[in-house]
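What follows is the content of model.pdb, which has PDB, C-alpha atoms and all ligand atoms:
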ATOM      1  CA  MET A   1       2.494  11.625 -11.238
ATOM      2  CA  GLU A   2       4.883  11.030  -8.355
ATOM      3  CA  GLY A   3       6.024  13.403  -5.646
ATOM      4  CA  ASN A   4       9.550  14.324  -4.562
ATOM      5  CA  ASP A   5       9.810  11.292  -2.289
ATOM      6  CA  ALA A   6       9.159   8.770  -5.068
ATOM      7  CA  ALA A   7      12.729   7.448  -5.239
ATOM      8  CA  SER A   8      12.655   6.602  -1.543
ATOM      9  CA  PHE A   9       9.847   4.132  -2.250
ATOM     10  CA  ARG A  10      11.606   2.401  -5.140
ATOM     11  CA  LYS A  11      13.307   0.119  -2.654
ATOM     12  CA  PRO A  12      13.023  -3.576  -1.888
ATOM     13  CA  ALA A  13       9.680  -4.264  -0.235
ATOM     14  CA  ALA A  14      11.488  -6.141   2.565
ATOM     15  CA  ALA A  15      13.176  -2.888   3.633
ATOM     16  CA  TYR A  16       9.845  -1.053   3.765
ATOM     17  CA  ASP A  17       8.228  -3.940   5.660
ATOM     18  CA  ARG A  18      10.797  -3.594   8.445
ATOM     19  CA  PHE A  19      10.446   0.195   8.405
ATOM     20  CA  VAL A  20       6.991   1.813   8.520
ATOM     21  CA  GLY A  21       5.504  -1.396   7.107
ATOM     22  CA  ARG A  22       5.553  -2.903  10.598
ATOM     23  CA  TYR A  23       2.560  -0.780  11.491
ATOM     24  CA  GLY A  24       0.677  -1.507   8.257
ATOM     25  CA  PRO A  25      -1.367  -4.625   9.084
ATOM     26  CA  ALA A  26      -2.714  -3.205  12.383
ATOM     27  CA  LEU A  27      -3.530   0.111  10.738
ATOM     28  CA  ALA A  28      -5.259  -1.658   7.844
ATOM     29  CA  GLU A  29      -7.361  -3.744  10.198
ATOM     30  CA  ALA A  30      -8.410  -0.673  12.204
ATOM     31  CA  THR A  31      -9.222   1.242   9.001
ATOM     32  CA  ILE A  32     -11.431  -1.570   7.727
ATOM     33  CA  ASP A  33     -13.164  -1.737  11.111
ATOM     34  CA  ARG A  34     -13.922   1.986  11.021
ATOM     35  CA  LEU A  35     -15.129   1.874   7.433
ATOM     36  CA  GLY A  36     -17.194  -1.287   7.712
ATOM     37  CA  LEU A  37     -17.106  -3.309   4.484
ATOM     38  CA  SER A  38     -20.145  -5.181   3.224
ATOM     39  CA  ASP A  39     -20.055  -8.633   1.625
ATOM     40  CA  GLY A  40     -19.791  -8.462  -2.133
ATOM     41  CA  TRP A  41     -18.154  -5.034  -2.220
ATOM     42  CA  ARG A  42     -15.294  -4.246  -4.579
ATOM     43  CA  ALA A  43     -12.481  -2.195  -3.065
ATOM     44  CA  LEU A  44      -9.463  -0.318  -4.381
ATOM     45  CA  ASP A  45      -6.249   0.348  -2.425
ATOM     46  CA  VAL A  46      -4.506   3.475  -3.759
ATOM     47  CA  GLY A  47      -0.762   3.604  -3.070
ATOM     48  CA  SER A  48      -0.721   0.026  -1.835
ATOM     49  CA  GLY A  49       3.009  -0.211  -1.169
ATOM     50  CA  PRO A  50       3.875  -3.882  -0.606
ATOM     51  CA  GLY A  51       0.227  -4.550   0.200
ATOM     52  CA  ALA A  52      -0.651  -4.449   3.910
ATOM     53  CA  LEU A  53      -4.064  -2.904   3.278
ATOM     54  CA  THR A  54      -4.599  -4.853   0.030
ATOM     55  CA  ALA A  55      -4.066  -8.107   1.952
ATOM     56  CA  ALA A  56      -6.444  -7.046   4.731
ATOM     57  CA  LEU A  57      -9.103  -6.098   2.163
ATOM     58  CA  ALA A  58      -8.648  -9.437   0.400
ATOM     59  CA  ASP A  59      -9.080 -11.282   3.706
ATOM     60  CA  VAL A  60     -12.511  -9.680   4.117
ATOM     61  CA  LEU A  61     -13.779  -9.429   0.524
ATOM     62  CA  GLY A  62     -11.779 -12.074  -1.369
ATOM     63  CA  ALA A  63      -8.789 -11.175  -3.544
ATOM     64  CA  GLU A  64     -10.853 -11.179  -6.745
ATOM     65  CA  ARG A  65     -12.837  -8.222  -5.383
ATOM     66  CA  VAL A  66      -9.761  -6.152  -4.597
ATOM     67  CA  ALA A  67      -7.623  -3.907  -6.819
ATOM     68  CA  ALA A  68      -4.505  -1.926  -5.927
ATOM     69  CA  VAL A  69      -2.200   0.611  -7.555
ATOM     70  CA  ASP A  70       1.246   1.942  -6.698
ATOM     71  CA  PRO A  71       3.746   3.784  -8.928
ATOM     72  CA  SER A  72       6.694   1.931  -7.345
ATOM     73  CA  GLU A  73       7.377  -1.195  -9.441
ATOM     74  CA  PRO A  74       9.057  -3.177  -6.619
ATOM     75  CA  PHE A  75       6.203  -2.367  -4.247
ATOM     76  CA  ALA A  76       3.488  -3.227  -6.793
ATOM     77  CA  ARG A  77       5.281  -6.506  -7.573
ATOM     78  CA  ALA A  78       5.498  -7.375  -3.868
ATOM     79  CA  CYS A  79       1.810  -6.522  -3.444
ATOM     80  CA  SER A  80       0.893  -8.758  -6.360
ATOM     81  CA  GLU A  81       2.899 -11.638  -4.863
ATOM     82  CA  ARG A  82       1.424 -11.045  -1.416
ATOM     83  CA  VAL A  83      -2.169 -10.981  -2.639
ATOM     84  CA  PRO A  84      -2.492 -13.458  -5.524
ATOM     85  CA  GLY A  85      -5.704 -12.896  -7.455
ATOM     86  CA  ALA A  86      -5.935  -9.178  -6.709
ATOM     87  CA  ASP A  87      -5.775  -6.769  -9.666
ATOM     88  CA  VAL A  88      -2.509  -4.943  -8.872
ATOM     89  CA  ARG A  89      -1.247  -2.288 -11.296
ATOM     90  CA  VAL A  90       1.660   0.138 -11.506
ATOM     91  CA  ALA A  91      -0.181   3.479 -11.567
ATOM     92  CA  SER A  92      -0.609   6.736  -9.713
ATOM     93  CA  ALA A  93      -3.540   8.077  -7.717
ATOM     94  CA  GLU A  94      -3.805  11.063 -10.041
ATOM     95  CA  GLU A  95      -4.469   8.803 -13.062
ATOM     96  CA  LEU A  96      -6.297   5.708 -11.903
ATOM     97  CA  PRO A  97      -6.596   3.096 -14.665
ATOM     98  CA  PHE A  98     -10.225   2.233 -13.868
ATOM     99  CA  GLU A  99     -13.688   3.066 -15.148
ATOM    100  CA  GLU A 100     -16.071   5.391 -13.332
ATOM    101  CA  GLY A 101     -17.923   4.028 -10.324
ATOM    102  CA  MET A 102     -16.231   0.606 -10.365
ATOM    103  CA  PHE A 103     -15.616   0.380  -6.633
ATOM    104  CA  ASP A 104     -17.831   0.394  -3.565
ATOM    105  CA  ALA A 105     -14.948   1.580  -1.414
ATOM    106  CA  THR A 106     -11.681   3.281  -2.283
ATOM    107  CA  LEU A 107      -9.039   3.411   0.403
ATOM    108  CA  SER A 108      -5.565   4.750   0.804
ATOM    109  CA  GLN A 109      -3.164   4.153   3.673
ATOM    110  CA  LEU A 110      -0.362   6.655   4.428
ATOM    111  CA  VAL A 111      -0.244   7.961   0.860
ATOM    112  CA  LEU A 112      -1.940  11.371   0.632
ATOM    113  CA  ASN A 113       1.162  13.298   1.668
ATOM    114  CA  PHE A 114       3.207  11.693  -1.104
ATOM    115  CA  LEU A 115       0.922  12.758  -3.923
ATOM    116  CA  ARG A 116       2.146  15.644  -6.026
ATOM    117  CA  ASP A 117      -1.465  16.822  -6.207
ATOM    118  CA  ALA A 118      -3.620  15.373  -3.421
ATOM    119  CA  PRO A 119      -6.895  17.067  -4.509
ATOM    120  CA  ALA A 120      -6.390  15.586  -8.006
ATOM    121  CA  GLY A 121      -5.771  12.163  -6.467
ATOM    122  CA  LEU A 122      -8.937  12.456  -4.419
ATOM    123  CA  ARG A 123     -10.896  13.539  -7.504
ATOM    124  CA  GLU A 124      -9.777  10.322  -9.198
ATOM    125  CA  MET A 125     -10.731   8.257  -6.156
ATOM    126  CA  TYR A 126     -14.147   9.931  -6.261
ATOM    127  CA  ARG A 127     -14.502   9.189 -10.002
ATOM    128  CA  VAL A 128     -13.861   5.451  -9.646
ATOM    129  CA  THR A 129     -16.132   5.050  -6.587
ATOM    130  CA  ARG A 130     -19.865   4.498  -7.157
ATOM    131  CA  PRO A 131     -22.443   6.976  -5.838
ATOM    132  CA  GLY A 132     -23.051   6.061  -2.198
ATOM    133  CA  GLY A 133     -19.653   4.367  -2.010
ATOM    134  CA  ALA A 134     -17.029   5.305   0.570
ATOM    135  CA  ILE A 135     -13.604   6.897   0.375
ATOM    136  CA  ALA A 136     -11.264   6.500   3.351
ATOM    137  CA  ALA A 137      -7.670   7.460   3.942
ATOM    138  CA  THR A 138      -5.223   7.474   6.809
ATOM    139  CA  VAL A 139      -2.183   9.688   7.372
ATOM    140  CA  TRP A 140       0.358   9.670  10.197
ATOM    141  CA  ASP A 141       0.366  12.315  12.877
ATOM    142  CA  TYR A 142       3.896  13.329  11.889
ATOM    143  CA  THR A 143       3.810  16.239  14.322
ATOM    144  CA  GLY A 144       3.759  14.112  17.454
ATOM    145  CA  GLY A 145       1.854  10.843  17.658
ATOM    146  CA  MET A 146       3.948   8.815  15.186
ATOM    147  CA  THR A 147       6.736   8.131  17.689
ATOM    148  CA  MET A 148       9.157   6.319  15.377
ATOM    149  CA  LEU A 149       9.310   9.137  12.803
ATOM    150  CA  ARG A 150       8.782  12.104  15.140
ATOM    151  CA  THR A 151      11.650  11.012  17.405
ATOM    152  CA  PHE A 152      13.892  10.374  14.392
ATOM    153  CA  TRP A 153      13.317  13.880  13.039
ATOM    154  CA  ASP A 154      13.813  15.415  16.494
ATOM    155  CA  ALA A 155      17.206  13.686  16.646
ATOM    156  CA  ALA A 156      18.051  14.840  13.123
ATOM    157  CA  LEU A 157      17.057  18.421  13.968
ATOM    158  CA  GLU A 158      19.376  18.363  16.973
ATOM    159  CA  ILE A 159      22.389  17.173  14.964
ATOM    160  CA  ASP A 160      21.721  18.815  11.608
ATOM    161  CA  PRO A 161      19.173  21.651  12.038
ATOM    162  CA  GLU A 162      19.776  23.271   8.657
ATOM    163  CA  GLY A 163      19.701  20.049   6.656
ATOM    164  CA  ALA A 164      16.884  18.302   8.508
ATOM    165  CA  GLY A 165      14.686  21.390   9.013
ATOM    166  CA  PRO A 166      13.221  21.570   5.503
ATOM    167  CA  LEU A 167      12.808  17.774   5.319
ATOM    168  CA  ASP A 168      11.109  17.155   8.689
ATOM    169  CA  GLU A 169       7.885  15.353   7.796
ATOM    170  CA  GLY A 170       6.157  17.056  10.745
ATOM    171  CA  ILE A 171       6.604  20.393   8.983
ATOM    172  CA  ARG A 172       6.378  19.643   5.284
ATOM    173  CA  MET A 173       3.549  17.081   5.204
ATOM    174  CA  ARG A 174       0.343  18.979   4.495
ATOM    175  CA  TYR A 175      -2.135  16.440   5.749
ATOM    176  CA  CYS A 176      -1.287  15.354   9.256
ATOM    177  CA  ASP A 177      -4.219  16.524  11.350
ATOM    178  CA  PRO A 178      -7.983  15.982  11.258
ATOM    179  CA  ASP A 179      -8.798  19.562  10.201
ATOM    180  CA  ALA A 180      -6.648  19.353   7.061
ATOM    181  CA  LEU A 181      -8.193  15.994   6.161
ATOM    182  CA  ARG A 182     -11.740  17.172   6.785
ATOM    183  CA  LYS A 183     -11.159  20.232   4.576
ATOM    184  CA  LEU A 184      -9.716  18.087   1.769
ATOM    185  CA  TRP A 185     -12.623  15.627   1.940
ATOM    186  CA  SER A 186     -15.248  18.379   2.119
ATOM    187  CA  GLU A 187     -13.732  20.373  -0.748
ATOM    188  CA  ALA A 188     -13.780  17.207  -2.866
ATOM    189  CA  GLY A 189     -17.579  17.180  -2.442
ATOM    190  CA  LEU A 190     -17.752  14.098  -0.235
ATOM    191  CA  ALA A 191     -20.727  13.754   2.098
ATOM    192  CA  ASP A 192     -20.995  12.689   5.751
ATOM    193  CA  VAL A 193     -17.315  13.419   6.302
ATOM    194  CA  ALA A 194     -15.929  12.038   9.544
ATOM    195  CA  THR A 195     -12.423  12.039  10.991
ATOM    196  CA  ASP A 196     -11.003  10.093  13.906
ATOM    197  CA  GLU A 197      -7.740   8.861  15.366
ATOM    198  CA  ILE A 198      -6.323   5.363  15.145
ATOM    199  CA  VAL A 199      -3.460   4.338  17.433
ATOM    200  CA  VAL A 200      -1.388   1.272  16.573
ATOM    201  CA  SER A 201       1.962  -0.001  17.785
ATOM    202  CA  ALA A 202       4.966  -2.071  16.721
ATOM    203  CA  ASP A 203       7.380  -4.250  18.696
ATOM    204  CA  TYR A 204      11.145  -4.031  18.336
ATOM    205  CA  GLU A 205      13.659  -6.651  19.480
ATOM    206  CA  ASP A 206      16.181  -3.938  20.325
ATOM    207  CA  PHE A 207      17.324  -0.544  19.060
ATOM    208  CA  GLU A 208      19.182  -2.092  16.086
ATOM    209  CA  ASP A 209      15.928  -3.644  14.937
ATOM    210  CA  LEU A 210      14.469  -0.129  14.706
ATOM    211  CA  TRP A 211      17.568   1.551  13.302
ATOM    212  CA  THR A 212      18.720  -0.840  10.565
ATOM    213  CA  PRO A 213      15.824  -0.165   8.152
ATOM    214  CA  PHE A 214      16.621   3.583   8.175
ATOM    215  CA  THR A 215      20.101   2.744   6.831
ATOM    216  CA  THR A 216      18.572   1.172   3.693
ATOM    217  CA  GLY A 217      17.461   4.647   2.556
ATOM    218  CA  VAL A 218      13.787   3.719   2.484
ATOM    219  CA  GLY A 219      11.154   6.454   2.935
ATOM    220  CA  PRO A 220      11.917  10.167   3.374
ATOM    221  CA  ALA A 221      13.635   9.612   6.748
ATOM    222  CA  GLY A 222      15.884   6.833   5.437
ATOM    223  CA  SER A 223      16.638   8.824   2.304
ATOM    224  CA  TYR A 224      17.700  11.824   4.407
ATOM    225  CA  LEU A 225      19.790   9.688   6.755
ATOM    226  CA  THR A 226      21.754   7.991   3.990
ATOM    227  CA  SER A 227      22.537  11.397   2.451
ATOM    228  CA  LEU A 228      24.595  12.250   5.571
ATOM    229  CA  PRO A 229      28.278  11.435   6.047
ATOM    230  CA  ASP A 230      28.878   8.403   8.299
ATOM    231  CA  ALA A 231      29.972  10.470  11.305
ATOM    232  CA  LYS A 232      26.747  12.493  11.255
ATOM    233  CA  GLN A 233      24.656   9.366  10.785
ATOM    234  CA  GLU A 234      26.253   8.028  13.947
ATOM    235  CA  LEU A 235      25.391  11.215  15.867
ATOM    236  CA  VAL A 236      21.757  11.035  14.723
ATOM    237  CA  ARG A 237      21.686   7.380  15.759
ATOM    238  CA  GLU A 238      22.966   8.175  19.244
ATOM    239  CA  SER A 239      20.534  11.069  19.711
ATOM    240  CA  TYR A 240      17.633   8.885  18.487
ATOM    241  CA  ARG A 241      18.605   6.090  20.876
ATOM    242  CA  ARG A 242      18.918   8.468  23.823
ATOM    243  CA  ARG A 243      15.555  10.079  23.068
ATOM    244  CA  LEU A 244      13.953   6.628  23.166
ATOM    245  CA  GLY A 245      15.445   5.975  26.607
ATOM    246  CA  SER A 246      18.497   3.978  25.359
ATOM    247  CA  PRO A 247      16.559   0.697  25.262
ATOM    248  CA  ALA A 248      18.730  -2.291  26.134
ATOM    249  CA  ALA A 249      16.138  -4.912  25.176
ATOM    250  CA  GLY A 250      12.797  -5.183  23.413
ATOM    251  CA  PHE A 251      10.384  -2.255  23.362
ATOM    252  CA  GLU A 252       7.189  -1.038  21.745
ATOM    253  CA  LEU A 253       6.457   2.245  19.971
ATOM    254  CA  SER A 254       3.000   3.649  19.400
ATOM    255  CA  ALA A 255       1.917   5.481  16.279
ATOM    256  CA  ARG A 256      -1.105   7.708  15.851
ATOM    257  CA  ALA A 257      -2.820   8.062  12.504
ATOM    258  CA  TRP A 258      -5.774  10.177  11.472
ATOM    259  CA  ILE A 259      -8.514   8.715   9.330
ATOM    260  CA  ALA A 260     -10.981  10.539   7.097
ATOM    261  CA  ILE A 261     -14.068   8.822   5.716
ATOM    262  CA  GLY A 262     -16.625  10.319   3.332
ATOM    263  CA  LEU A 263     -19.331   9.132   0.966
ATOM    264  CA  VAL A 264     -19.709   9.861  -2.720
ATOM    265  CA  PRO A 265     -23.062  11.691  -2.951
ATOM    266  CA  GLY A 266     -26.028   9.948  -4.546
ATOM    267  CA  GLY A 267     -26.707   6.257  -4.711
TER     268      GLY A 267
HETATM  269  C1  LIG B   1       4.273   5.371   3.213
HETATM  270  S1  LIG B   1       4.022   4.383   1.800
HETATM  271  C2  LIG B   1       2.459   3.580   2.212
HETATM  272  C3  LIG B   1       2.332   2.237   1.535
HETATM  273  C4  LIG B   1       1.149   1.379   1.989
HETATM  274  N1  LIG B   1      -0.122   2.008   1.663
HETATM  275  C5  LIG B   1       1.242   1.059   3.456
HETATM  276  O1  LIG B   1       0.327   1.377   4.183
HETATM  277  O2  LIG B   1       2.228   0.443   3.850
HETATM  278  C6  LIG B   1       3.542   5.547   0.569
HETATM  279  C7  LIG B   1       3.216   4.901  -0.754
HETATM  280  O3  LIG B   1       2.674   5.881  -1.636
HETATM  281  C8  LIG B   1       3.096   5.543  -2.928
HETATM  282  N2  LIG B   1       2.929   6.704  -3.813
HETATM  283  C9  LIG B   1       3.761   7.739  -4.030
HETATM  284  N3  LIG B   1       3.247   8.579  -4.949
HETATM  285  C10 LIG B   1       2.052   8.072  -5.305
HETATM  286  C11 LIG B   1       1.046   8.453  -6.245
HETATM  287  N4  LIG B   1       1.168   9.565  -6.973
HETATM  288  N5  LIG B   1      -0.034   7.686  -6.384
HETATM  289  C12 LIG B   1      -0.185   6.559  -5.632
HETATM  290  N6  LIG B   1       0.740   6.135  -4.735
HETATM  291  C13 LIG B   1       1.843   6.881  -4.579
HETATM  292  C14 LIG B   1       4.531   5.114  -2.726
HETATM  293  O4  LIG B   1       5.057   4.405  -3.838
HETATM  294  C15 LIG B   1       4.399   4.280  -1.464
HETATM  295  O5  LIG B   1       4.121   2.942  -1.759
END

As structure tokens, what does this structure read like?
Ligand SMILES: C[S@@+](CC[C@H](N)C(=O)[O-])C[C@H]1O[C@@H](n2cnc3c(N)ncnc32)[C@H](O)[C@@H]1O
Amino acid sequence: MEGNDAASFRKPAAAYDRFVGRYGPALAEATIDRLGLSDGWRALDVGSGPGALTAALADVLGAERVAAVDPSEPFARACSERVPGADVRVASAEELPFEEGMFDATLSQLVLNFLRDAPAGLREMYRVTRPGGAIAATVWDYTGGMTMLRTFWDAALEIDPEGAGPLDEGIRMRYCDPDALRKLWSEAGLADVATDEIVVSADYEDFEDLWTPFTTGVGPAGSYLTSLPDAKQELVRESYRRRLGSPAAGFELSARAWIAIGLVPGG
């Protein structure tokens, strides 16, 4: 069961890696730190994309103890190539192809907002996690702290308010603050629910290094951009550049995510 943005993730993994994927390894490492994995655990990465979190989990637990799913075939293939030995499948969060209680930890990085039915996805994550096991997920702070995307949408809103307004991820993404995450986790019946922020960053060689991946149509922002006529794309580009201080050389952008962690009762 895929959401409306599904087509924007059926892109070459290399395009995603240069887009939001740049932040993935640091976010994965911070997520694993917050969760705390124990030796011998089995973990599942739901919505793995090309595999930043899957790879980080495999580094800690060993690939044979890690499984991953993503409905995007190119992303699942890239994940499988990136993490040989992991059990990577093309599947959706809402219908996980695993038995009950198979995993000690089920994680998901930047995926919740792309599920057609997030509570159903979380119910499945709960089902495949053993009693006492942990479920953790991160989402971007699309409303402000995720600089790369927030500044892009601000530029788009300036140039194309009617077109960009309904697509702005800061408005339409349901889970982009700790209260929304806590409510989702609590309503799923998870225990000891905790939320926190994680701030990561990415380096860019120059503005082109940031901009080029948007032009591949990857992700909701890239998909929106490539739907515009060339002249409007150019105006968005100029506004985006100006809003970032017209960088002439290398620069760094920070990105804030929220994490929710909860335990499956029992165990
Ligand atoms: C922003 S990407 C995050 C990818 C990866 N977790 C990362 O951190 O780089 C969102 C991912 O969610 C996946 N996705 C979309 N709908 C999904 C669903 N119903 N179940 C699981 N994953 C889904 C997309 O294919 C995409 O790989």

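Nearest residue to ligand LIG 1 (chain B), choosing from A:Val83, A:Ala188, A:Leu61, A:Leu112 and counting only C-alpha atoms and all ligand atoms: A:Leu112.
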
(request) Would you write out, as a list in words, every residue that the PyMOL selection byres (((chain A and resi 263) around 7) and not hetatm) captures in this file? (result) Gly132, Gly133, Ala134, Ile135, Leu190, Ala191, Asp192, Gly262, Val264 and Pro265 of chain A

(request) Given the file shown, enumerate the residues that the PyMOL selection byres (((not hetatm)) within 7 of (chain B and resi 1)) captures and present them as a ChimeraX atom specification. (result) /A:1-3,6,9-10,20-21,24,46-53,69-72,75,91-94,108-111,114-116,219

(message) On this structure, the PyMOL selection byres (((chain A and resi 260) around 9) and not hetatm) would catch which residues? List them as a PyMOL selection string, sorted by chain and number.
(response) chain A and resi 135-139+178+181-182+185+193-196+258-259+261-262

(request) Quick one: everything within 12 Å of Phe207 of chain A, counting only C-alpha atoms, minus sequence neighbours fewer than 3 positions away in the same chain. Send it as a PyMOL selection string. (result) chain A and resi 148+203-204+210-214+237-238+240-253

(message) Calculated over only C-alpha atoms, which of the candidates A:Lys11, A:Arg77, A:Arg123, A:Arg22 has the smallest distance to Ser201 of chain A?
(response) A:Arg22

Centre and edges of the segment 116-129 of chain A box, axis-aligned, 3 Å extra per side, as JSON:
{"center_x": -7.0, "center_y": 11.1, "center_z": -6.7, "size_x": 24.3, "size_y": 18.0, "size_z": 12.6}

(message) For a quick check of understanding, using only C-alpha atoms, which of A:Asp87, A:Leu44, A:Ala58, A:Phe152 has the smallest distance to Met102 of chain A?
(response) A:Leu44

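Between Gly222 of chain A and the residues A:Gly170, A:Trp153, A:Ala78, A:Pro84, the shortest atom-to-atom distance, using only C-alpha atoms, involves A:Trp153.
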
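The closest residue to Cys79 of chain A, picked from A:Leu96, A:Ala180, A:Ala56, A:Phe103 and counting all atoms listed in the file, is A:Ala56.
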
(request) Give the answer as one residue: which of A:Ala105, A:Val128, A:Ala55, A:Val66 has the shortest atom-to-atom distance to Gly36 of chain A, using all atoms listed in the file? (result) A:Ala105

(request) Provide the atom CA of Cys176 of chain A to atom CA of Asp45 of chain A distance in Å, to one decimal place. (result)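 Going from atom CA of Cys176 of chain A over to atom CA of Asp45 of chain A covers 19.7 Å.
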
Identify, on the basis of all atoms listed in the file, every residue whose closest approach to Arg172 of chain A does not exceed 12 Å; exclude the query and any residue fewer than 2 positions from it along the same chain; express the result as a PDB file with C-alpha atoms, in the frame of the given file.
ATOM      1  CA  ASN A   4       9.550  14.324  -4.562  1.00  0.00           C
ATOM      2  CA  ASP A   5       9.810  11.292  -2.289  1.00  0.00           C
ATOM      3  CA  ASN A 113       1.162  13.298   1.668  1.00  0.00           C
ATOM      4  CA  PHE A 114       3.207  11.693  -1.104  1.00  0.00           C
ATOM      5  CA  TYR A 142       3.896  13.329  11.889  1.00  0.00           C
ATOM      6  CA  THR A 143       3.810  16.239  14.322  1.00  0.00           C
ATOM      7  CA  TRP A 153      13.317  13.880  13.039  1.00  0.00           C
ATOM      8  CA  ALA A 164      16.884  18.302   8.508  1.00  0.00           C
ATOM      9  CA  GLY A 165      14.686  21.390   9.013  1.00  0.00           C
ATOM     10  CA  PRO A 166      13.221  21.570   5.503  1.00  0.00           C
ATOM     11  CA  LEU A 167      12.808  17.774   5.319  1.00  0.00           C
ATOM     12  CA  ASP A 168      11.109  17.155   8.689  1.00  0.00           C
ATOM     13  CA  GLU A 169       7.885  15.353   7.796  1.00  0.00           C
ATOM     14  CA  GLY A 170       6.157  17.056  10.745  1.00  0.00           C
ATOM     15  CA  ARG A 174       0.343  18.979   4.495  1.00  0.00           C
ATOM     16  CA  TYR A 175      -2.135  16.440   5.749  1.00  0.00           C
ATOM     17  CA  CYS A 176      -1.287  15.354   9.256  1.00  0.00           C
ATOM     18  CA  PRO A 220      11.917  10.167   3.374  1.00  0.00           C
TER      19      PRO A 220
END

(message) If I take atom CA of Glu100 of chain A and atom CA of Trp41 of chain A, how far is one from the other in Å, to one decimal?
(response)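 These atoms are spaced 15.4 Å apart.
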
(request) Tell me, in Å to one decimal, how far atom CA of Met125 of chain A is from atom CA of Arg89 of chain A. (result)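 These two atoms are separated by 15.1 Å.
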